[in-house]
>>> print(open('coords-v7.txt').read())   # compact mmCIF, C-alpha atoms and all ligand atoms
# COMPACT_ATOMS: atom_id res chain seq x y z
CA MET A 28 -31.91 -14.91 -18.30
CA SER A 29 -32.14 -15.71 -14.61
CA GLU A 30 -35.10 -15.45 -12.25
CA ARG A 31 -33.21 -12.81 -10.21
CA ARG A 32 -34.15 -9.14 -10.53
CA PRO A 33 -31.50 -7.56 -12.78
CA PHE A 34 -29.29 -4.71 -11.60
CA VAL A 35 -27.77 -2.19 -14.03
CA GLY A 36 -25.38 0.43 -12.70
CA GLY A 37 -23.78 3.40 -14.43
CA ASN A 38 -20.31 4.06 -13.01
CA TRP A 39 -19.45 7.60 -14.09
CA LYS A 40 -15.93 7.34 -12.59
CA MET A 41 -14.02 10.67 -12.42
CA ASN A 42 -15.88 12.28 -15.30
CA SER A 43 -18.18 15.20 -16.09
CA THR A 44 -18.91 18.56 -14.50
CA LEU A 45 -21.73 19.71 -12.25
CA LYS A 46 -23.63 20.89 -15.33
CA GLY A 47 -22.80 17.76 -17.32
CA ALA A 48 -23.73 15.42 -14.47
CA SER A 49 -27.06 17.23 -13.99
CA GLU A 50 -27.87 17.03 -17.70
CA LEU A 51 -26.92 13.37 -17.82
CA ILE A 52 -29.14 12.31 -14.92
CA ARG A 53 -32.03 14.45 -16.17
CA GLY A 54 -31.78 12.84 -19.58
CA VAL A 55 -31.52 9.29 -18.24
CA ALA A 56 -34.33 9.73 -15.67
CA ASP A 57 -36.67 11.33 -18.21
CA ALA A 58 -35.97 8.74 -20.90
CA LEU A 59 -36.63 5.87 -18.50
CA ALA A 60 -39.56 7.44 -16.59
CA GLY A 61 -42.20 4.82 -15.88
CA GLU A 62 -40.18 2.04 -17.54
CA ILE A 63 -37.76 0.48 -15.09
CA ALA A 64 -40.07 -1.30 -12.66
CA PRO A 65 -38.80 -4.84 -13.41
CA ILE A 66 -35.13 -4.07 -12.74
CA ASP A 67 -32.88 -2.09 -10.38
CA VAL A 68 -31.01 0.83 -11.96
CA ALA A 69 -28.35 2.87 -10.15
CA VAL A 70 -25.96 5.65 -11.08
CA PHE A 71 -22.60 6.24 -9.40
CA PRO A 72 -21.63 9.91 -9.91
CA PRO A 73 -18.45 11.47 -8.51
CA CYS A 74 -18.93 12.10 -4.79
CA VAL A 75 -19.10 15.90 -5.14
CA TYR A 76 -22.13 15.64 -7.45
CA LEU A 77 -24.16 13.23 -5.33
CA LEU A 78 -26.45 15.85 -3.80
CA ALA A 79 -27.16 17.52 -7.14
CA VAL A 80 -27.99 14.18 -8.75
CA LYS A 81 -30.14 13.16 -5.76
CA SER A 82 -32.13 16.35 -5.97
CA ILE A 83 -32.90 15.79 -9.66
CA LEU A 84 -33.94 12.18 -9.01
CA ARG A 85 -36.12 13.25 -6.07
CA ASP A 86 -37.85 15.99 -8.10
CA ARG A 87 -38.75 13.43 -10.72
CA GLN A 88 -39.68 10.73 -8.17
CA SER A 89 -37.37 8.51 -10.15
CA PRO A 90 -36.74 4.96 -8.91
CA ILE A 91 -33.12 5.19 -10.12
CA MET A 92 -30.91 4.51 -7.09
CA LEU A 93 -28.11 6.83 -6.05
CA GLY A 94 -24.73 5.13 -5.76
CA ALA A 95 -21.30 6.14 -4.47
CA GLN A 96 -18.05 4.98 -6.08
CA ASP A 97 -16.15 4.59 -2.81
CA VAL A 98 -16.31 4.93 0.97
CA TYR A 99 -13.97 4.73 3.96
CA PRO A 100 -14.81 2.01 6.49
CA GLU A 101 -14.45 4.08 9.69
CA ALA A 102 -17.43 5.93 11.15
CA GLU A 103 -15.75 9.33 11.65
CA GLY A 104 -12.54 10.99 12.70
CA ALA A 105 -9.12 12.00 11.43
CA PHE A 106 -9.24 10.48 7.94
CA THR A 107 -8.49 13.44 5.70
CA GLY A 108 -10.21 13.31 2.34
CA GLU A 109 -12.47 10.37 3.15
CA VAL A 110 -16.23 10.00 3.64
CA SER A 111 -18.15 7.46 5.75
CA VAL A 112 -21.15 5.24 5.10
CA ASP A 113 -23.28 7.49 7.35
CA MET A 114 -22.25 10.61 5.42
CA LEU A 115 -23.14 8.97 2.13
CA ARG A 116 -26.48 7.75 3.51
CA ASP A 117 -27.12 11.32 4.65
CA CYS A 118 -26.73 12.44 1.02
CA GLY A 119 -29.29 9.88 -0.16
CA VAL A 120 -26.86 7.17 -1.26
CA GLN A 121 -28.40 3.68 -1.36
CA VAL A 122 -25.60 1.59 -2.87
CA ILE A 123 -21.78 1.75 -2.81
CA LEU A 124 -19.09 0.12 -4.95
CA ALA A 125 -16.20 -1.76 -3.31
CA GLY A 126 -13.17 -3.42 -4.86
CA HIS A 127 -13.45 -1.78 -8.27
CA SER A 128 -10.36 -2.73 -10.29
CA GLU A 129 -9.30 0.91 -10.60
CA ARG A 130 -9.26 1.16 -6.80
CA ARG A 131 -7.37 -2.14 -6.58
CA HIS A 132 -4.84 -1.58 -9.37
CA VAL A 133 -4.56 2.20 -9.81
CA ILE A 134 -5.14 3.45 -6.25
CA GLY A 135 -3.60 0.37 -4.63
CA GLU A 136 -6.33 -0.92 -2.30
CA ASP A 137 -5.72 -4.38 -0.88
CA ASP A 138 -8.13 -7.20 -0.04
CA GLU A 139 -8.10 -6.34 3.66
CA LEU A 140 -9.23 -2.73 3.10
CA ILE A 141 -11.84 -3.84 0.58
CA ASN A 142 -13.18 -6.34 3.13
CA ARG A 143 -13.49 -3.57 5.75
CA LYS A 144 -15.37 -1.43 3.24
CA VAL A 145 -17.80 -4.24 2.32
CA LYS A 146 -18.43 -4.86 6.03
CA ALA A 147 -19.01 -1.17 6.79
CA ILE A 148 -21.43 -0.82 3.86
CA LEU A 149 -23.49 -3.92 4.65
CA GLU A 150 -23.48 -3.35 8.42
CA GLY A 151 -24.59 0.21 7.68
CA GLY A 152 -27.65 -1.20 5.91
CA LEU A 153 -26.74 -0.03 2.41
CA ARG A 154 -26.34 -2.15 -0.69
CA CYS A 155 -22.84 -3.06 -1.78
CA VAL A 156 -21.55 -3.96 -5.24
CA LEU A 157 -18.34 -5.94 -4.71
CA CYS A 158 -16.25 -6.02 -7.90
CA VAL A 159 -13.91 -8.90 -8.70
CA GLY A 160 -11.98 -9.82 -11.82
CA GLU A 161 -8.69 -10.99 -13.26
CA THR A 162 -5.99 -9.05 -15.12
CA LEU A 163 -4.94 -10.02 -18.64
CA GLU A 164 -1.79 -11.68 -17.29
CA GLN A 165 -3.79 -13.72 -14.78
CA ARG A 166 -6.21 -14.75 -17.52
CA GLU A 167 -3.37 -15.83 -19.82
CA ASP A 168 -1.95 -17.87 -16.94
CA GLY A 169 -5.31 -19.66 -16.64
CA ARG A 170 -5.95 -18.15 -13.19
CA THR A 171 -9.31 -16.41 -13.82
CA HIS A 172 -11.41 -18.56 -11.50
CA GLU A 173 -8.73 -18.74 -8.81
CA VAL A 174 -8.36 -14.93 -8.74
CA ASN A 175 -12.12 -14.41 -8.58
CA GLU A 176 -12.38 -16.92 -5.74
CA ILE A 177 -9.57 -15.26 -3.76
CA GLN A 178 -11.14 -11.81 -4.19
CA LEU A 179 -14.58 -13.11 -3.20
CA ARG A 180 -13.41 -15.02 -0.13
CA SER A 181 -11.22 -12.18 1.12
CA GLY A 182 -13.71 -9.45 0.24
CA LEU A 183 -16.46 -11.28 2.12
CA ALA A 184 -14.36 -12.66 5.02
CA GLY A 185 -16.28 -12.54 8.30
CA ILE A 186 -19.50 -11.32 6.66
CA ALA A 187 -22.45 -13.32 7.93
CA GLU A 188 -25.16 -14.78 5.72
CA GLY A 189 -27.72 -12.45 7.31
CA LEU A 190 -25.96 -9.44 5.74
CA VAL A 191 -25.54 -10.57 2.15
CA ASP A 192 -29.07 -9.94 0.91
CA ASN A 193 -27.85 -6.43 0.09
CA LEU A 194 -24.83 -7.70 -1.80
CA VAL A 195 -24.36 -7.67 -5.58
CA ILE A 196 -21.21 -9.14 -7.15
CA ALA A 197 -19.80 -7.51 -10.29
CA TYR A 198 -17.51 -9.68 -12.41
CA GLU A 199 -15.29 -7.21 -14.24
CA PRO A 200 -12.33 -8.71 -16.07
CA VAL A 201 -9.69 -5.98 -15.83
CA TRP A 202 -8.60 -6.44 -19.46
CA ALA A 203 -12.15 -5.64 -20.61
CA ILE A 204 -12.60 -2.40 -18.65
CA GLY A 205 -12.46 0.69 -20.81
CA THR A 206 -10.63 -1.21 -23.54
CA GLY A 207 -13.45 -1.97 -25.94
CA GLN A 208 -12.68 -5.67 -25.47
CA THR A 209 -15.64 -7.53 -23.97
CA ALA A 210 -15.72 -11.05 -22.58
CA THR A 211 -17.85 -13.20 -24.87
CA PRO A 212 -21.25 -14.03 -23.38
CA ASP A 213 -20.06 -17.64 -23.00
CA ASP A 214 -16.81 -16.66 -21.22
CA ALA A 215 -18.67 -14.32 -18.91
CA GLU A 216 -21.32 -16.96 -18.26
CA GLU A 217 -18.65 -19.49 -17.29
CA ALA A 218 -16.99 -17.03 -14.89
CA HIS A 219 -20.38 -16.18 -13.36
CA GLU A 220 -21.19 -19.85 -12.83
CA LYS A 221 -17.88 -20.39 -11.01
CA ILE A 222 -18.50 -17.29 -8.88
CA ARG A 223 -21.91 -18.67 -7.94
CA GLU A 224 -20.31 -21.97 -6.90
CA VAL A 225 -18.04 -20.06 -4.51
CA LEU A 226 -21.01 -18.08 -3.16
CA LYS A 227 -22.93 -21.33 -2.70
CA ASP A 228 -20.07 -22.75 -0.68
CA MET A 229 -19.96 -19.59 1.46
CA TYR A 230 -23.68 -18.77 1.75
CA ASP A 231 -25.62 -21.91 0.90
CA GLY A 232 -28.95 -20.56 2.16
CA VAL A 233 -29.07 -17.40 0.08
CA SER A 234 -26.55 -17.80 -2.75
CA ASP A 235 -29.23 -18.44 -5.40
CA ARG A 236 -30.72 -15.02 -4.69
CA LEU A 237 -27.46 -13.05 -5.02
CA ARG A 238 -27.04 -11.14 -8.24
CA ILE A 239 -23.86 -11.42 -10.28
CA ILE A 240 -23.54 -8.68 -12.89
CA TYR A 241 -20.98 -8.25 -15.68
CA GLY A 242 -18.82 -5.19 -16.34
CA GLY A 243 -16.25 -4.40 -18.99
CA SER A 244 -16.99 -2.52 -22.23
CA VAL A 245 -20.72 -3.20 -22.18
CA LYS A 246 -22.28 -1.24 -25.05
CA PRO A 247 -25.73 -1.06 -26.64
CA GLY A 248 -24.53 -3.51 -29.30
CA ASN A 249 -23.39 -6.29 -26.94
CA ALA A 250 -25.70 -5.80 -23.94
CA ALA A 251 -28.52 -8.06 -25.11
CA GLY A 252 -26.15 -10.98 -25.75
CA LEU A 253 -24.62 -10.67 -22.29
CA PHE A 254 -27.87 -10.05 -20.39
CA GLY A 255 -29.52 -12.96 -22.18
CA GLN A 256 -27.21 -15.41 -20.39
CA ARG A 257 -28.78 -17.39 -17.55
CA SER A 258 -26.13 -16.46 -14.98
CA ILE A 259 -25.69 -12.78 -15.89
CA ASP A 260 -28.02 -10.62 -13.79
CA GLY A 261 -27.28 -7.22 -15.32
CA GLY A 262 -24.24 -5.03 -15.75
CA LEU A 263 -21.92 -2.37 -14.38
CA ILE A 264 -21.42 0.15 -17.17
CA GLY A 265 -18.53 2.62 -17.30
CA GLY A 266 -17.88 4.61 -20.49
CA ALA A 267 -21.29 3.92 -22.00
CA SER A 268 -23.07 5.22 -18.89
CA LEU A 269 -21.84 8.74 -19.70
CA LYS A 270 -24.00 8.99 -22.80
CA ILE A 271 -27.78 9.02 -22.53
CA ALA A 272 -28.02 7.50 -26.01
CA ASP A 273 -25.88 4.52 -24.90
CA PHE A 274 -26.96 3.96 -21.29
CA VAL A 275 -30.72 4.04 -21.95
CA PRO A 276 -30.65 1.24 -24.58
CA ILE A 277 -28.41 -0.84 -22.28
CA VAL A 278 -30.96 -0.50 -19.46
CA ARG A 279 -33.70 -1.39 -21.95
CA ALA A 280 -31.76 -4.49 -23.04
CA SER A 281 -31.83 -5.64 -19.42
CA MET A 282 -35.59 -4.98 -19.18
CA GLN A 283 -36.07 -6.90 -22.42
CA SER A 284 -34.21 -9.88 -20.91
CA VAL A 285 -36.81 -9.95 -18.11
CA ARG A 286 -39.66 -9.90 -20.65
CA SER A 287 -38.06 -12.61 -22.80
CA ALA A 288 -37.62 -14.84 -19.73
CA SER A 289 -41.31 -14.58 -18.81
CA GLU A 290 -42.58 -15.37 -22.33
P1 LIG B 301 -16.31 0.25 -18.99
O1 LIG B 301 -16.12 0.25 -17.39
O2 LIG B 301 -17.76 -0.05 -19.25
O3 LIG B 301 -15.89 1.59 -19.43
O4 LIG B 301 -15.42 -0.85 -19.53
C1 LIG B 301 -16.79 -0.65 -16.56
C2 LIG B 301 -16.43 -0.40 -15.12
O5 LIG B 301 -15.29 -0.07 -14.82
O6 LIG B 301 -17.29 -0.51 -14.21
>>> encode(input="coords-v7.txt", output="structure tokens")
Amino acid sequence: MSERRPFVGGNWKMNSTLKGASELIRGVADALAGEIAPIDVAVFPPCVYLLAVKSILRDRQSPIMLGAQDVYPEAEGAFTGEVSVDMLRDCGVQVILAGHSERRHVIGEDDELINRKVKAILEGGLRCVLCVGETLEQREDGRTHEVNEIQLRSGLAGIAEGLVDNLVIAYEPVWAIGTGQTATPDDAEEAHEKIREVLKDMYDGVSDRLRIIYGGSVKPGNAAGLFGQRSIDGGLIGGASLKIADFVPIVRASMQSVRSASE
């Protein structure tokens, strides 16, 4: 367990209904009320449910952060279907994902667009979770670290050290996302260490403070093993974040890793 403050995010992807999303956030916020002080917890609902989720969090004075799954890097204008950083901030959003593998590989976003998004988010004063990770083919070709490095350097191109305090990196091996296959804690740890070396080369002054979280089939049964690793500062949770009975114990596993580290 590291000395960095862990970050656990629930990425709801394109799931649920207004009623379901409201019940989910109520259940999570109530279960964790008064508990999450030592870590950062965020949820990333579908864009159309952001205001409803925000209102429930506000009513409960919950410290759970509101996150958005995507953003467009321009400030305003003729960009049909898109929303800006300012619009998301207006809805109470504090943190935004960029470079998620589904946006890269299903929607077809390239490194240049992802870089513009990261810049717009950080320059707009919000937190950004930049996701990187290799496909199964790239892993089998022994290219894991190279792919992560390329995605980091291009995603963060032109972003000054003064802006990266609000940056979290999520290492999400594509072959582990939604597949039930998880990287072993040792494999994930190794990838995180390499990612930190790249960050150190890019941002020597602040790299030790940047959080690197793991995503890809994190479940209540494997969370403690992953979060117990020195270089793993929390997780980005997809499928398991849709069930109160799964997400809450995962958040608690992260809190437990903080307690274990201070004992
Ligand atoms: P998963 O998704 O937990 O369902 O594998 C993780 C993610 O895509 O962020």
>>> residues_around(input="coords-v7.txt", residues="Gly255 in chain A", least_positions_apart="2", cutoff="6 Å", atoms="all atoms listed in the file", output="ChimeraX atom specification")
/A:28,251-253,284
>>> residues_near_ligand(input="coords-v7.txt", ligand="ligand LIG 301 (chain B)", cutoff="8 Å", atoms="all atoms listed in the file", output="list in words")
Gly37, Asn38, Lys40, His127, Ser128, Glu129, Glu199, Ala203, Ile204, Gly205, Thr206, Gly207, Gly242, Gly243, Ser244, Val245, Lys246, Leu263, Ile264, Gly265, Gly266, Ala267 and Ser268 of chain A
>>> residues_around(input="coords-v7.txt", residues="Gly185 in chain A", least_positions_apart="6", cutoff="10 Å", atoms="only C-alpha atoms", output="CSV table (one decimal) with C-alpha atoms, keeping the file's coordinate frame")
chain,number,residue,atom,x,y,z
A,142,ASN,CA,-13.2,-6.3,3.1
A,143,ARG,CA,-13.5,-3.6,5.8
A,146,LYS,CA,-18.4,-4.9,6.0
>>> closest_residue(input="coords-v7.txt", among="A:Phe34, A:Phe274, A:Tyr198, A:Phe254", to="Arg223 in chain A", atoms="all atoms listed in the file")
A:Tyr198
>>> atom_distance(input="coords-v7.txt", atom1="CA of Ala210 in chain A", atom2="CA of Asn249 in chain A")
10.0 Å
>>> closest_residue(input="coords-v7.txt", among="A:Leu157, A:Ala272, A:Met114, A:Ala58", to="Ile239 in chain A", atoms="all atoms listed in the file")
A:Leu157
>>> residues_around(input="coords-v7.txt", residues="Val120 in chain A", least_positions_apart="6", cutoff="7 Å", atoms="only C-alpha atoms", output="PyMOL selection string")
chain A and resi 93-95
>>> atom_distance(input="coords-v7.txt", atom1="CA of Arg170 in chain A", atom2="CA of Glu217 in chain A")
13.4 Å
>>> atom_distance(input="coords-v7.txt", atom1="CA of Val70 in chain A", atom2="CA of Gly189 in chain A")
25.9 Å
>>> closest_residue(input="coords-v7.txt", among="A:Ala288, A:Gln121, A:Val201, A:Gln283", to="Val133 in chain A", atoms="all atoms listed in the file")
A:Val201
>>> residues_around(input="coords-v7.txt", residues="Val112 in chain A", least_positions_apart="6", cutoff="7 Å", atoms="all atoms listed in the file", output="list in words")
Val98, Ala147, Ile148 and Gly151 of chain A
>>> closest_residue(input="coords-v7.txt", among="A:Leu124, A:Val275, A:Ala184, A:Ala215", to="Glu161 in chain A", atoms="all atoms listed in the file")
A:Ala215
>>> axis_aligned_box(input="coords-v7.txt", around="range 50-65 of chain A", padding_each_side="3 Å", output="lines of an AutoDock Vina configuration file")
center_x = -34.6
center_y = 6.1
center_z = -16.8
size_x = 21.3
size_y = 27.9
size_z = 14.2
>>> residues_around(input="coords-v7.txt", residues="Glu173 in chain A", least_positions_apart="4", cutoff="12 Å", atoms="only C-alpha atoms", output="compact mmCIF listing (two decimals) with C-alpha atoms, in the frame of the given file")
# COMPACT_ATOMS: atom_id res chain seq x y z
CA VAL A 159 -13.91 -8.90 -8.70
CA GLY A 160 -11.98 -9.82 -11.82
CA GLU A 161 -8.69 -10.99 -13.26
CA THR A 162 -5.99 -9.05 -15.12
CA GLN A 165 -3.79 -13.72 -14.78
CA ARG A 166 -6.21 -14.75 -17.52
CA ASP A 168 -1.95 -17.87 -16.94
CA GLY A 169 -5.31 -19.66 -16.64
CA ILE A 177 -9.57 -15.26 -3.76
CA GLN A 178 -11.14 -11.81 -4.19
CA LEU A 179 -14.58 -13.11 -3.20
CA ARG A 180 -13.41 -15.02 -0.13
CA ALA A 218 -16.99 -17.03 -14.89
CA LYS A 221 -17.88 -20.39 -11.01
CA ILE A 222 -18.50 -17.29 -8.88
CA VAL A 225 -18.04 -20.06 -4.51
>>> decode(input="coords-v7.txt", residues="range 42-152 of chain A", atoms="C-alpha atoms", output="mmCIF file, in the first residue's frame")
data_model
loop_
_atom_site.group_PDB
_atom_site.id
_atom_site.type_symbol
_atom_site.label_atom_id
_atom_site.label_comp_id
_atom_site.auth_asym_id
_atom_site.auth_seq_id
_atom_site.Cartn_x
_atom_site.Cartn_y
_atom_site.Cartn_z
ATOM 1 C CA ASN A 42 -26.128 1.111 -17.920
ATOM 2 C CA SER A 43 -29.167 1.597 -15.692
ATOM 3 C CA THR A 44 -32.248 3.812 -15.786
ATOM 4 C CA LEU A 45 -33.061 7.043 -13.985
ATOM 5 C CA LYS A 46 -34.746 5.016 -11.238
ATOM 6 C CA GLY A 47 -31.965 2.433 -11.118
ATOM 7 C CA ALA A 48 -29.210 5.064 -11.056
ATOM 8 C CA SER A 49 -30.974 6.929 -8.232
ATOM 9 C CA GLU A 50 -31.377 3.744 -6.187
ATOM 10 C CA LEU A 51 -27.763 2.775 -6.788
ATOM 11 C CA ILE A 52 -26.291 6.084 -5.621
ATOM 12 C CA ARG A 53 -28.647 6.242 -2.634
ATOM 13 C CA GLY A 54 -27.591 2.756 -1.589
ATOM 14 C CA VAL A 55 -23.878 3.406 -2.046
ATOM 15 C CA ALA A 56 -23.940 6.821 -0.324
ATOM 16 C CA ASP A 57 -25.960 5.512 2.629
ATOM 17 C CA ALA A 58 -23.818 2.402 3.068
ATOM 18 C CA LEU A 59 -20.610 4.446 3.067
ATOM 19 C CA ALA A 60 -21.900 7.462 5.047
ATOM 20 C CA GLY A 61 -19.244 8.663 7.462
ATOM 21 C CA GLU A 62 -16.735 6.015 6.328
ATOM 22 C CA ILE A 63 -14.769 7.221 3.334
ATOM 23 C CA ALA A 64 -12.659 10.023 4.795
ATOM 24 C CA PRO A 65 -9.267 8.380 4.100
ATOM 25 C CA ILE A 66 -9.864 7.834 0.375
ATOM 26 C CA ASP A 67 -11.416 9.525 -2.673
ATOM 27 C CA VAL A 68 -14.519 7.822 -4.087
ATOM 28 C CA ALA A 69 -16.202 8.865 -7.343
ATOM 29 C CA VAL A 70 -19.065 7.579 -9.451
ATOM 30 C CA PHE A 71 -19.331 8.049 -13.222
ATOM 31 C CA PRO A 72 -23.017 7.762 -14.207
ATOM 32 C CA PRO A 73 -24.285 8.177 -17.768
ATOM 33 C CA CYS A 74 -24.323 11.887 -18.641
ATOM 34 C CA VAL A 75 -28.136 12.167 -18.617
ATOM 35 C CA TYR A 76 -28.297 11.039 -14.975
ATOM 36 C CA LEU A 77 -25.604 13.372 -13.625
ATOM 37 C CA LEU A 78 -27.981 15.957 -12.180
ATOM 38 C CA ALA A 79 -30.171 13.350 -10.487
ATOM 39 C CA VAL A 80 -27.139 11.664 -8.934
ATOM 40 C CA LYS A 81 -25.690 15.041 -7.865
ATOM 41 C CA SER A 82 -28.907 15.995 -6.155
ATOM 42 C CA ILE A 83 -28.948 12.762 -4.132
ATOM 43 C CA LEU A 84 -25.293 13.210 -3.130
ATOM 44 C CA ARG A 85 -25.923 16.844 -2.163
ATOM 45 C CA ASP A 86 -28.976 15.963 -0.039
ATOM 46 C CA ARG A 87 -26.870 13.477 1.876
ATOM 47 C CA GLN A 88 -23.823 15.774 2.067
ATOM 48 C CA SER A 89 -21.908 12.822 0.724
ATOM 49 C CA PRO A 90 -18.194 13.240 -0.044
ATOM 50 C CA ILE A 91 -18.564 10.894 -3.041
ATOM 51 C CA MET A 92 -17.379 12.829 -6.101
ATOM 52 C CA LEU A 93 -19.456 13.151 -9.233
ATOM 53 C CA GLY A 94 -17.690 12.007 -12.387
ATOM 54 C CA ALA A 95 -18.430 12.148 -16.111
ATOM 55 C CA GLN A 96 -17.494 9.366 -18.528
ATOM 56 C CA ASP A 97 -16.555 11.670 -21.402
ATOM 57 C CA VAL A 98 -16.299 15.279 -22.566
ATOM 58 C CA TYR A 99 -15.592 17.210 -25.766
ATOM 59 C CA PRO A 100 -12.518 19.454 -25.654
ATOM 60 C CA GLU A 101 -14.047 22.584 -27.227
ATOM 61 C CA ALA A 102 -15.688 25.250 -25.055
ATOM 62 C CA GLU A 103 -18.941 25.616 -27.036
ATOM 63 C CA GLY A 104 -20.361 25.708 -30.522
ATOM 64 C CA ALA A 105 -21.512 23.486 -33.363
ATOM 65 C CA PHE A 106 -20.568 20.072 -31.952
ATOM 66 C CA THR A 107 -23.833 18.161 -32.094
ATOM 67 C CA GLY A 108 -24.259 15.633 -29.331
ATOM 68 C CA GLU A 109 -21.267 16.750 -27.284
ATOM 69 C CA VAL A 110 -20.880 18.457 -23.897
ATOM 70 C CA SER A 111 -18.066 20.717 -22.646
ATOM 71 C CA VAL A 112 -16.020 20.839 -19.461
ATOM 72 C CA ASP A 113 -17.911 23.984 -18.385
ATOM 73 C CA MET A 114 -21.285 22.286 -18.903
ATOM 74 C CA LEU A 115 -20.201 19.307 -16.837
ATOM 75 C CA ARG A 116 -18.827 21.573 -14.093
ATOM 76 C CA ASP A 117 -22.180 23.373 -14.125
ATOM 77 C CA CYS A 118 -23.857 20.028 -13.329
ATOM 78 C CA GLY A 119 -21.558 19.463 -10.352
ATOM 79 C CA VAL A 120 -19.016 17.209 -12.071
ATOM 80 C CA GLN A 121 -15.610 17.150 -10.354
ATOM 81 C CA VAL A 122 -13.746 14.478 -12.317
ATOM 82 C CA ILE A 123 -13.836 13.225 -15.931
ATOM 83 C CA LEU A 124 -12.528 10.067 -17.607
ATOM 84 C CA ALA A 125 -10.374 10.315 -20.744
ATOM 85 C CA GLY A 126 -8.935 7.592 -22.942
ATOM 86 C CA HIS A 127 -11.092 4.759 -21.631
ATOM 87 C CA SER A 128 -10.439 1.677 -23.769
ATOM 88 C CA GLU A 129 -14.063 1.545 -24.914
ATOM 89 C CA ARG A 130 -13.700 5.083 -26.263
ATOM 90 C CA ARG A 131 -10.382 4.159 -27.885
ATOM 91 C CA HIS A 132 -11.339 0.774 -29.342
ATOM 92 C CA VAL A 133 -15.139 0.815 -29.711
ATOM 93 C CA ILE A 134 -15.821 4.494 -30.474
ATOM 94 C CA GLY A 135 -12.491 5.015 -32.255
ATOM 95 C CA GLU A 136 -10.892 7.940 -30.405
ATOM 96 C CA ASP A 137 -7.242 8.538 -31.220
ATOM 97 C CA ASP A 138 -4.366 9.755 -29.051
ATOM 98 C CA GLU A 139 -4.625 13.294 -30.405
ATOM 99 C CA LEU A 140 -8.287 13.693 -29.401
ATOM 100 C CA ILE A 141 -7.630 12.102 -26.021
ATOM 101 C CA ASN A 142 -4.778 14.570 -25.461
ATOM 102 C CA ARG A 143 -7.108 17.505 -26.256
ATOM 103 C CA LYS A 144 -9.641 16.143 -23.783
ATOM 104 C CA VAL A 145 -7.052 15.729 -20.997
ATOM 105 C CA LYS A 146 -5.857 19.295 -21.625
ATOM 106 C CA ALA A 147 -9.391 20.739 -21.600
ATOM 107 C CA ILE A 148 -10.240 18.913 -18.357
ATOM 108 C CA LEU A 149 -7.080 19.914 -16.478
ATOM 109 C CA GLU A 150 -7.043 23.489 -17.816
ATOM 110 C CA GLY A 151 -10.699 23.694 -16.769
ATOM 111 C CA GLY A 152 -9.627 22.924 -13.195
#
